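S.K.: I'm passing along start-v9.pdb; it holds PDB, N, CA, C and O atoms.
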```pdb
ATOM      1  N   MET L 116       0.749  -3.281 -48.125
ATOM      2  CA  MET L 116       0.283  -1.922 -48.035
ATOM      3  C   MET L 116       1.222  -1.135 -47.116
ATOM      4  O   MET L 116       1.421  -1.500 -45.958
ATOM      5  N   PRO L 117       1.837  -0.071 -47.577
ATOM      6  CA  PRO L 117       2.761   0.715 -46.756
ATOM      7  C   PRO L 117       2.018   1.470 -45.656
ATOM      8  O   PRO L 117       0.891   1.892 -45.827
ATOM      9  N   THR L 118       2.696   1.626 -44.519
ATOM     10  CA  THR L 118       2.089   2.370 -43.416
ATOM     11  C   THR L 118       2.200   3.854 -43.686
ATOM     12  O   THR L 118       3.167   4.331 -44.275
ATOM     13  N   THR L 119       1.223   4.580 -43.232
ATOM     14  CA  THR L 119       1.212   6.020 -43.468
ATOM     15  C   THR L 119       1.850   6.745 -42.301
ATOM     16  O   THR L 119       2.071   6.183 -41.222
ATOM     17  N   THR L 120       2.125   8.001 -42.513
ATOM     18  CA  THR L 120       2.721   8.832 -41.466
ATOM     19  C   THR L 120       1.779   8.938 -40.272
ATOM     20  O   THR L 120       2.210   8.913 -39.123
ATOM     21  N   THR L 121       0.489   9.018 -40.543
ATOM     22  CA  THR L 121      -0.491   9.114 -39.465
ATOM     23  C   THR L 121      -0.453   7.856 -38.611
ATOM     24  O   THR L 121      -0.501   7.927 -37.379
ATOM     25  N   GLU L 122      -0.353   6.689 -39.264
ATOM     26  CA  GLU L 122      -0.276   5.434 -38.514
ATOM     27  C   GLU L 122       1.004   5.382 -37.684
ATOM     28  O   GLU L 122       0.989   4.942 -36.536
ATOM     29  N   ASN L 123       2.112   5.841 -38.256
ATOM     30  CA  ASN L 123       3.376   5.855 -37.533
ATOM     31  C   ASN L 123       3.298   6.792 -36.327
ATOM     32  O   ASN L 123       3.772   6.466 -35.246
ATOM     33  N   THR L 124       2.703   7.957 -36.531
ATOM     34  CA  THR L 124       2.562   8.918 -35.439
ATOM     35  C   THR L 124       1.663   8.363 -34.354
ATOM     36  O   THR L 124       1.968   8.459 -33.165
ATOM     37  N   THR L 125       0.563   7.777 -34.766
ATOM     38  CA  THR L 125      -0.365   7.193 -33.803
ATOM     39  C   THR L 125       0.301   6.057 -33.042
ATOM     40  O   THR L 125       0.186   5.973 -31.813
ATOM     41  N   THR L 126       1.015   5.211 -33.745
ATOM     42  CA  THR L 126       1.714   4.098 -33.109
ATOM     43  C   THR L 126       2.754   4.616 -32.129
ATOM     44  O   THR L 126       2.866   4.112 -31.003
ATOM     45  N   ARG L 127       3.503   5.630 -32.510
ATOM     46  CA  ARG L 127       4.516   6.217 -31.647
ATOM     47  C   ARG L 127       3.876   6.800 -30.377
ATOM     48  O   ARG L 127       4.361   6.583 -29.265
ATOM     49  N   LYS L 128       2.780   7.518 -30.545
ATOM     50  CA  LYS L 128       2.094   8.103 -29.394
ATOM     51  C   LYS L 128       1.560   7.015 -28.466
ATOM     52  O   LYS L 128       1.635   7.137 -27.241
ATOM     53  N   LEU L 129       1.019   5.965 -29.062
ATOM     54  CA  LEU L 129       0.504   4.868 -28.244
ATOM     55  C   LEU L 129       1.626   4.173 -27.485
ATOM     56  O   LEU L 129       1.468   3.817 -26.312
ATOM     57  N   LYS L 130       2.762   3.984 -28.125
ATOM     58  CA  LYS L 130       3.904   3.363 -27.452
ATOM     59  C   LYS L 130       4.394   4.244 -26.298
ATOM     60  O   LYS L 130       4.728   3.735 -25.225
ATOM     61  N   GLU L 131       4.426   5.556 -26.519
ATOM     62  CA  GLU L 131       4.824   6.472 -25.448
ATOM     63  C   GLU L 131       3.826   6.417 -24.291
ATOM     64  O   GLU L 131       4.217   6.414 -23.126
ATOM     65  N   GLN L 132       2.549   6.346 -24.636
ATOM     66  CA  GLN L 132       1.511   6.278 -23.609
ATOM     67  C   GLN L 132       1.626   4.978 -22.810
ATOM     68  O   GLN L 132       1.520   4.978 -21.583
ATOM     69  N   VAL L 133       1.871   3.870 -23.495
ATOM     70  CA  VAL L 133       2.033   2.580 -22.821
ATOM     71  C   VAL L 133       3.252   2.620 -21.905
ATOM     72  O   VAL L 133       3.204   2.143 -20.762
ATOM     73  N   LYS L 134       4.336   3.216 -22.376
ATOM     74  CA  LYS L 134       5.544   3.327 -21.561
ATOM     75  C   LYS L 134       5.273   4.172 -20.318
ATOM     76  O   LYS L 134       5.670   3.812 -19.207
ATOM     77  N   SER L 135       4.579   5.280 -20.496
ATOM     78  CA  SER L 135       4.237   6.157 -19.371
ATOM     79  C   SER L 135       3.331   5.441 -18.378
ATOM     80  O   SER L 135       3.533   5.503 -17.166
ATOM     81  N   GLN L 136       2.336   4.744 -18.900
ATOM     82  CA  GLN L 136       1.410   4.019 -18.028
ATOM     83  C   GLN L 136       2.121   2.889 -17.299
ATOM     84  O   GLN L 136       1.832   2.611 -16.136
ATOM     85  N   SER L 137       3.057   2.259 -17.972
ATOM     86  CA  SER L 137       3.826   1.188 -17.338
ATOM     87  C   SER L 137       4.622   1.733 -16.159
ATOM     88  O   SER L 137       4.676   1.113 -15.087
ATOM     89  N   SER L 138       5.204   2.898 -16.349
ATOM     90  CA  SER L 138       5.953   3.542 -15.267
ATOM     91  C   SER L 138       5.023   3.913 -14.117
ATOM     92  O   SER L 138       5.352   3.695 -12.944
ATOM     93  N   ASP L 139       3.856   4.450 -14.453
ATOM     94  CA  ASP L 139       2.875   4.814 -13.421
ATOM     95  C   ASP L 139       2.413   3.583 -12.648
ATOM     96  O   ASP L 139       2.301   3.613 -11.419
ATOM     97  N   ILE L 140       2.150   2.515 -13.355
ATOM     98  CA  ILE L 140       1.701   1.272 -12.714
ATOM     99  C   ILE L 140       2.783   0.730 -11.791
ATOM    100  O   ILE L 140       2.495   0.279 -10.682
ATOM    101  N   SER L 141       4.014   0.808 -12.230
ATOM    102  CA  SER L 141       5.126   0.349 -11.394
ATOM    103  C   SER L 141       5.210   1.156 -10.102
ATOM    104  O   SER L 141       5.381   0.595  -9.015
ATOM    105  N   ALA L 142       5.061   2.470 -10.221
ATOM    106  CA  ALA L 142       5.102   3.332  -9.036
ATOM    107  C   ALA L 142       3.926   3.022  -8.109
ATOM    108  O   ALA L 142       4.083   2.981  -6.884
ATOM    109  N   LEU L 143       2.748   2.805  -8.669
ATOM    110  CA  LEU L 143       1.574   2.481  -7.864
ATOM    111  C   LEU L 143       1.739   1.138  -7.158
ATOM    112  O   LEU L 143       1.360   0.996  -5.987
ATOM    113  N   ARG L 144       2.294   0.164  -7.852
ATOM    114  CA  ARG L 144       2.529  -1.148  -7.220
ATOM    115  C   ARG L 144       3.490  -1.017  -6.051
ATOM    116  O   ARG L 144       3.298  -1.631  -5.002
ATOM    117  N   SER L 145       4.511  -0.214  -6.236
ATOM    118  CA  SER L 145       5.476   0.006  -5.165
ATOM    119  C   SER L 145       4.805   0.664  -3.963
ATOM    120  O   SER L 145       5.014   0.250  -2.817
ATOM    121  N   ARG L 146       3.987   1.662  -4.229
ATOM    122  CA  ARG L 146       3.290   2.364  -3.137
ATOM    123  C   ARG L 146       2.307   1.437  -2.428
ATOM    124  O   ARG L 146       2.204   1.461  -1.199
ATOM    125  N   ILE L 147       1.601   0.639  -3.189
ATOM    126  CA  ILE L 147       0.666  -0.321  -2.586
ATOM    127  C   ILE L 147       1.418  -1.289  -1.687
ATOM    128  O   ILE L 147       0.971  -1.600  -0.582
ATOM    129  N   SER L 148       2.563  -1.740  -2.141
ATOM    130  CA  SER L 148       3.375  -2.645  -1.335
ATOM    131  C   SER L 148       3.787  -1.980  -0.021
ATOM    132  O   SER L 148       3.730  -2.603   1.046
ATOM    133  N   GLU L 149       4.193  -0.716  -0.101
ATOM    134  CA  GLU L 149       4.561   0.022   1.107
ATOM    135  C   GLU L 149       3.369   0.139   2.053
ATOM    136  O   GLU L 149       3.510  -0.033   3.269
ATOM    137  N   LEU L 150       2.204   0.440   1.491
ATOM    138  CA  LEU L 150       1.006   0.585   2.324
ATOM    139  C   LEU L 150       0.613  -0.734   2.980
ATOM    140  O   LEU L 150       0.192  -0.754   4.143
ATOM    141  N   VAL L 151       0.753  -1.818   2.255
ATOM    142  CA  VAL L 151       0.452  -3.142   2.820
ATOM    143  C   VAL L 151       1.378  -3.413   4.001
ATOM    144  O   VAL L 151       0.940  -3.884   5.060
ATOM    145  N   ASP L 152       2.657  -3.094   3.828
ATOM    146  CA  ASP L 152       3.615  -3.281   4.928
ATOM    147  C   ASP L 152       3.245  -2.421   6.133
ATOM    148  O   ASP L 152       3.299  -2.884   7.276
ATOM    149  N   GLU L 153       2.858  -1.171   5.876
ATOM    150  CA  GLU L 153       2.471  -0.284   6.971
ATOM    151  C   GLU L 153       1.228  -0.804   7.679
ATOM    152  O   GLU L 153       1.136  -0.727   8.918
ATOM    153  N   ILE L 154       0.272  -1.320   6.939
ATOM    154  CA  ILE L 154      -0.948  -1.869   7.544
ATOM    155  C   ILE L 154      -0.598  -3.055   8.439
ATOM    156  O   ILE L 154      -1.123  -3.173   9.558
ATOM    157  N   ARG L 155       0.282  -3.908   7.962
ATOM    158  CA  ARG L 155       0.681  -5.057   8.785
ATOM    159  C   ARG L 155       1.355  -4.597  10.078
ATOM    160  O   ARG L 155       1.114  -5.159  11.153
ATOM    161  N   LEU L 156       2.211  -3.588   9.989
ATOM    162  CA  LEU L 156       2.856  -3.055  11.187
ATOM    163  C   LEU L 156       1.825  -2.455  12.140
ATOM    164  O   LEU L 156       1.901  -2.664  13.358
ATOM    165  N   LEU L 157       0.873  -1.725  11.585
ATOM    166  CA  LEU L 157      -0.176  -1.144  12.419
ATOM    167  C   LEU L 157      -1.009  -2.230  13.098
ATOM    168  O   LEU L 157      -1.357  -2.105  14.279
ATOM    169  N   GLN L 158      -1.321  -3.291  12.371
ATOM    170  CA  GLN L 158      -2.082  -4.391  12.959
ATOM    171  C   GLN L 158      -1.305  -5.023  14.112
ATOM    172  O   GLN L 158      -1.887  -5.329  15.160
ATOM    173  N   THR L 159      -0.016  -5.190  13.928
ATOM    174  CA  THR L 159       0.820  -5.748  14.984
ATOM    175  C   THR L 159       0.847  -4.816  16.194
ATOM    176  O   THR L 159       0.691  -5.254  17.339
ATOM    177  N   ASP L 160       1.036  -3.520  15.924
ATOM    178  CA  ASP L 160       1.065  -2.541  17.011
ATOM    179  C   ASP L 160      -0.268  -2.487  17.754
ATOM    180  O   ASP L 160      -0.295  -2.404  18.985
ATOM    181  N   ILE L 161      -1.353  -2.527  17.023
ATOM    182  CA  ILE L 161      -2.675  -2.501  17.659
ATOM    183  C   ILE L 161      -2.883  -3.758  18.507
ATOM    184  O   ILE L 161      -3.421  -3.686  19.615
ATOM    185  N   GLY L 162      -2.436  -4.890  18.003
ATOM    186  CA  GLY L 162      -2.531  -6.133  18.775
ATOM    187  C   GLY L 162      -1.769  -6.037  20.082
ATOM    188  O   GLY L 162      -2.269  -6.439  21.138
ATOM    189  N   ARG L 163      -0.554  -5.508  20.017
ATOM    190  CA  ARG L 163       0.247  -5.319  21.239
ATOM    191  C   ARG L 163      -0.432  -4.339  22.195
ATOM    192  O   ARG L 163      -0.467  -4.556  23.402
ATOM    193  N   PHE L 164      -0.941  -3.249  21.641
ATOM    194  CA  PHE L 164      -1.616  -2.243  22.448
ATOM    195  C   PHE L 164      -2.820  -2.852  23.175
ATOM    196  O   PHE L 164      -3.002  -2.635  24.373
ATOM    197  N   LYS L 165      -3.612  -3.623  22.441
ATOM    198  CA  LYS L 165      -4.774  -4.271  23.055
ATOM    199  C   LYS L 165      -4.336  -5.189  24.198
ATOM    200  O   LYS L 165      -4.960  -5.212  25.263
ATOM    201  N   GLY L 166      -3.285  -5.938  23.968
ATOM    202  CA  GLY L 166      -2.775  -6.835  25.004
ATOM    203  C   GLY L 166      -2.313  -6.083  26.232
ATOM    204  O   GLY L 166      -2.604  -6.471  27.365
ATOM    205  N   ARG L 167      -1.612  -4.990  26.005
ATOM    206  CA  ARG L 167      -1.116  -4.190  27.133
ATOM    207  C   ARG L 167      -2.267  -3.527  27.898
ATOM    208  O   ARG L 167      -2.245  -3.462  29.125
ATOM    209  N   VAL L 168      -3.253  -3.038  27.173
ATOM    210  CA  VAL L 168      -4.413  -2.434  27.833
ATOM    211  C   VAL L 168      -5.145  -3.491  28.654
ATOM    212  O   VAL L 168      -5.536  -3.245  29.793
ATOM    213  N   ALA L 169      -5.309  -4.670  28.069
ATOM    214  CA  ALA L 169      -5.980  -5.757  28.796
ATOM    215  C   ALA L 169      -5.203  -6.109  30.064
ATOM    216  O   ALA L 169      -5.809  -6.321  31.127
ATOM    217  N   ASP L 170      -3.873  -6.161  29.959
ATOM    218  CA  ASP L 170      -3.046  -6.447  31.141
ATOM    219  C   ASP L 170      -3.203  -5.346  32.194
ATOM    220  O   ASP L 170      -3.295  -5.643  33.391
ATOM    221  N   ASP L 171      -3.222  -4.089  31.749
ATOM    222  CA  ASP L 171      -3.386  -2.975  32.688
ATOM    223  C   ASP L 171      -4.748  -3.031  33.372
ATOM    224  O   ASP L 171      -4.846  -2.827  34.588
ATOM    225  N   ILE L 172      -5.778  -3.305  32.621
ATOM    226  CA  ILE L 172      -7.126  -3.397  33.200
ATOM    227  C   ILE L 172      -7.187  -4.545  34.203
ATOM    228  O   ILE L 172      -7.741  -4.401  35.303
ATOM    229  N   LYS L 173      -6.578  -5.653  33.838
ATOM    230  CA  LYS L 173      -6.557  -6.812  34.739
ATOM    231  C   LYS L 173      -5.845  -6.446  36.035
ATOM    232  O   LYS L 173      -6.313  -6.786  37.134
ATOM    233  N   MET L 174      -4.707  -5.749  35.923
ATOM    234  CA  MET L 174      -3.952  -5.347  37.097
ATOM    235  C   MET L 174      -4.783  -4.395  37.979
ATOM    236  O   MET L 174      -4.822  -4.534  39.195
ATOM    237  N   ILE L 175      -5.461  -3.460  37.351
ATOM    238  CA  ILE L 175      -6.294  -2.510  38.087
ATOM    239  C   ILE L 175      -7.418  -3.247  38.820
ATOM    240  O   ILE L 175      -7.680  -2.985  40.007
ATOM    241  N   VAL L 176      -8.088  -4.160  38.133
ATOM    242  CA  VAL L 176      -9.179  -4.908  38.751
ATOM    243  C   VAL L 176      -8.670  -5.743  39.910
ATOM    244  O   VAL L 176      -9.301  -5.798  40.979
ATOM    245  N   GLU L 177      -7.498  -6.376  39.735
ATOM    246  CA  GLU L 177      -6.931  -7.188  40.814
ATOM    247  C   GLU L 177      -6.588  -6.315  42.012
ATOM    248  O   GLU L 177      -6.803  -6.725  43.168
ATOM    249  N   LYS L 178      -6.060  -5.121  41.797
ATOM    250  CA  LYS L 178      -5.723  -4.232  42.907
ATOM    251  C   LYS L 178      -6.973  -3.712  43.608
ATOM    252  O   LYS L 178      -6.969  -3.502  44.811
ATOM    253  N   MET L 179      -8.031  -3.515  42.832
ATOM    254  CA  MET L 179      -9.283  -3.049  43.422
ATOM    255  C   MET L 179      -9.933  -4.146  44.269
ATOM    256  O   MET L 179     -10.617  -3.859  45.268
ATOM    257  N   ASP L 180      -9.716  -5.410  43.868
ATOM    258  CA  ASP L 180     -10.296  -6.529  44.604
ATOM    259  C   ASP L 180      -9.584  -6.786  45.934
ATOM    260  O   ASP L 180     -10.130  -7.446  46.813
ATOM    261  N   LYS L 181      -8.393  -6.276  46.111
ATOM    262  CA  LYS L 181      -7.617  -6.526  47.325
ATOM    263  C   LYS L 181      -8.081  -5.696  48.469
ATOM    264  O   LYS L 181      -8.640  -4.717  48.531
TER     265      LYS L 181
END
```
If you convert what's in this file into structure tokens, what do you get?
M.R.:
Amino acid sequence: MPTTTTENTTTRKLKEQVKSQSSDISALRSRISELVDEIRLLQTDIGRFKGRVADDIKMIVEKMDK
């Protein structure tokens, strides 16, 4: 059974849509990867900050005890 023009047009549109969605998905994956990296950096920075604050509080308490 030969394919009709409507089927060809529909197939072409679907292929274009899949290509567009593939590009969008690729961009989203890249952005998610960037965000994951930023979250890890923030977690590291927050960990350091907490440690430094704890050290400062400890120093203050020790000076107050003297």
S.K.: One decimal, in Å: what's the spacing between atom N of Thr126 of chain L and atom N of Ser145 of chain L?
M.R.: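 Distance between the two atoms: 28.3 Å.
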S.K.: Quick check, in Å to one decimal: how far apart do atom O of Asp160 of chain L and atom O of Met179 of chain L lie?
M.R.: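 Distance between the two atoms: 28.3 Å.
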S.K.: How far is it from atom N of Ile154 of chain L to atom O of Ala142 of chain L, in Å with one decimal?
M.R.: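 Interatomic distance, atom N of Ile154 of chain L to atom O of Ala142 of chain L: 15.0 Å.
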S.K.: Could you rebuild segment 164-175 of chain L with all heavy atoms and give me the result as a short mmCIF file (atom, residue, chain, number, x, y, z; two decimals), in the coordinates of the input?
M.R.:
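What landed in result04.cif:
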```cif
data_model
loop_
_atom_site.label_atom_id
_atom_site.label_comp_id
_atom_site.auth_asym_id
_atom_site.auth_seq_id
_atom_site.Cartn_x
_atom_site.Cartn_y
_atom_site.Cartn_z
N PHE L 164 -0.94 -3.25 21.64
CA PHE L 164 -1.62 -2.24 22.45
C PHE L 164 -2.82 -2.85 23.18
O PHE L 164 -3.00 -2.64 24.37
CB PHE L 164 -2.05 -1.08 21.56
CG PHE L 164 -2.81 -0.01 22.28
CD1 PHE L 164 -2.15 0.87 23.13
CD2 PHE L 164 -4.18 0.11 22.13
CE1 PHE L 164 -2.85 1.86 23.81
CE2 PHE L 164 -4.88 1.09 22.80
CZ PHE L 164 -4.21 1.97 23.63
N LYS L 165 -3.61 -3.62 22.44
CA LYS L 165 -4.77 -4.27 23.06
C LYS L 165 -4.34 -5.19 24.20
O LYS L 165 -4.96 -5.21 25.26
CB LYS L 165 -5.55 -5.09 22.02
CG LYS L 165 -6.37 -4.28 21.07
CD LYS L 165 -7.10 -5.21 20.10
CE LYS L 165 -7.97 -4.47 19.12
NZ LYS L 165 -8.63 -5.40 18.19
N GLY L 166 -3.28 -5.94 23.97
CA GLY L 166 -2.78 -6.84 25.00
C GLY L 166 -2.31 -6.08 26.23
O GLY L 166 -2.60 -6.47 27.36
N ARG L 167 -1.61 -4.99 26.00
CA ARG L 167 -1.12 -4.19 27.13
C ARG L 167 -2.27 -3.53 27.90
O ARG L 167 -2.24 -3.46 29.12
CB ARG L 167 -0.13 -3.15 26.64
CG ARG L 167 1.19 -3.77 26.19
CD ARG L 167 2.15 -2.75 25.65
NE ARG L 167 3.37 -3.40 25.22
CZ ARG L 167 4.26 -2.83 24.44
NH1 ARG L 167 4.08 -1.60 24.01
NH2 ARG L 167 5.34 -3.49 24.08
N VAL L 168 -3.25 -3.04 27.17
CA VAL L 168 -4.41 -2.43 27.83
C VAL L 168 -5.14 -3.49 28.65
O VAL L 168 -5.54 -3.24 29.79
CB VAL L 168 -5.35 -1.78 26.80
CG1 VAL L 168 -6.70 -1.41 27.44
CG2 VAL L 168 -4.70 -0.54 26.19
N ALA L 169 -5.31 -4.67 28.07
CA ALA L 169 -5.98 -5.76 28.80
C ALA L 169 -5.20 -6.11 30.06
O ALA L 169 -5.81 -6.32 31.13
CB ALA L 169 -6.12 -6.98 27.90
N ASP L 170 -3.87 -6.16 29.96
CA ASP L 170 -3.05 -6.45 31.14
C ASP L 170 -3.20 -5.35 32.19
O ASP L 170 -3.30 -5.64 33.39
CB ASP L 170 -1.57 -6.58 30.75
CG ASP L 170 -1.28 -7.83 29.94
OD1 ASP L 170 -2.12 -8.76 29.96
OD2 ASP L 170 -0.21 -7.88 29.31
N ASP L 171 -3.22 -4.09 31.75
CA ASP L 171 -3.39 -2.98 32.69
C ASP L 171 -4.75 -3.03 33.37
O ASP L 171 -4.85 -2.83 34.59
CB ASP L 171 -3.23 -1.63 31.97
CG ASP L 171 -1.79 -1.36 31.53
OD1 ASP L 171 -0.88 -2.08 32.00
OD2 ASP L 171 -1.59 -0.42 30.73
N ILE L 172 -5.78 -3.30 32.62
CA ILE L 172 -7.13 -3.40 33.20
C ILE L 172 -7.19 -4.54 34.20
O ILE L 172 -7.74 -4.40 35.30
CB ILE L 172 -8.19 -3.59 32.09
CG1 ILE L 172 -8.23 -2.40 31.16
CG2 ILE L 172 -9.56 -3.88 32.69
CD1 ILE L 172 -8.67 -1.11 31.80
N LYS L 173 -6.58 -5.65 33.84
CA LYS L 173 -6.56 -6.81 34.74
C LYS L 173 -5.84 -6.45 36.03
O LYS L 173 -6.31 -6.79 37.13
CB LYS L 173 -5.86 -7.98 34.05
CG LYS L 173 -5.83 -9.25 34.86
CD LYS L 173 -5.14 -10.37 34.08
CE LYS L 173 -5.01 -11.61 34.95
NZ LYS L 173 -4.32 -12.68 34.24
N MET L 174 -4.71 -5.75 35.92
CA MET L 174 -3.95 -5.35 37.10
C MET L 174 -4.78 -4.39 37.98
O MET L 174 -4.82 -4.53 39.20
CB MET L 174 -2.65 -4.67 36.68
CG MET L 174 -1.77 -4.24 37.84
SD MET L 174 -0.32 -3.30 37.32
CE MET L 174 -1.07 -1.84 36.61
N ILE L 175 -5.46 -3.46 37.35
CA ILE L 175 -6.29 -2.51 38.09
C ILE L 175 -7.42 -3.25 38.82
O ILE L 175 -7.68 -2.98 40.01
CB ILE L 175 -6.86 -1.43 37.15
CG1 ILE L 175 -5.73 -0.51 36.68
CG2 ILE L 175 -7.96 -0.63 37.82
CD1 ILE L 175 -6.12 0.42 35.55
#
```
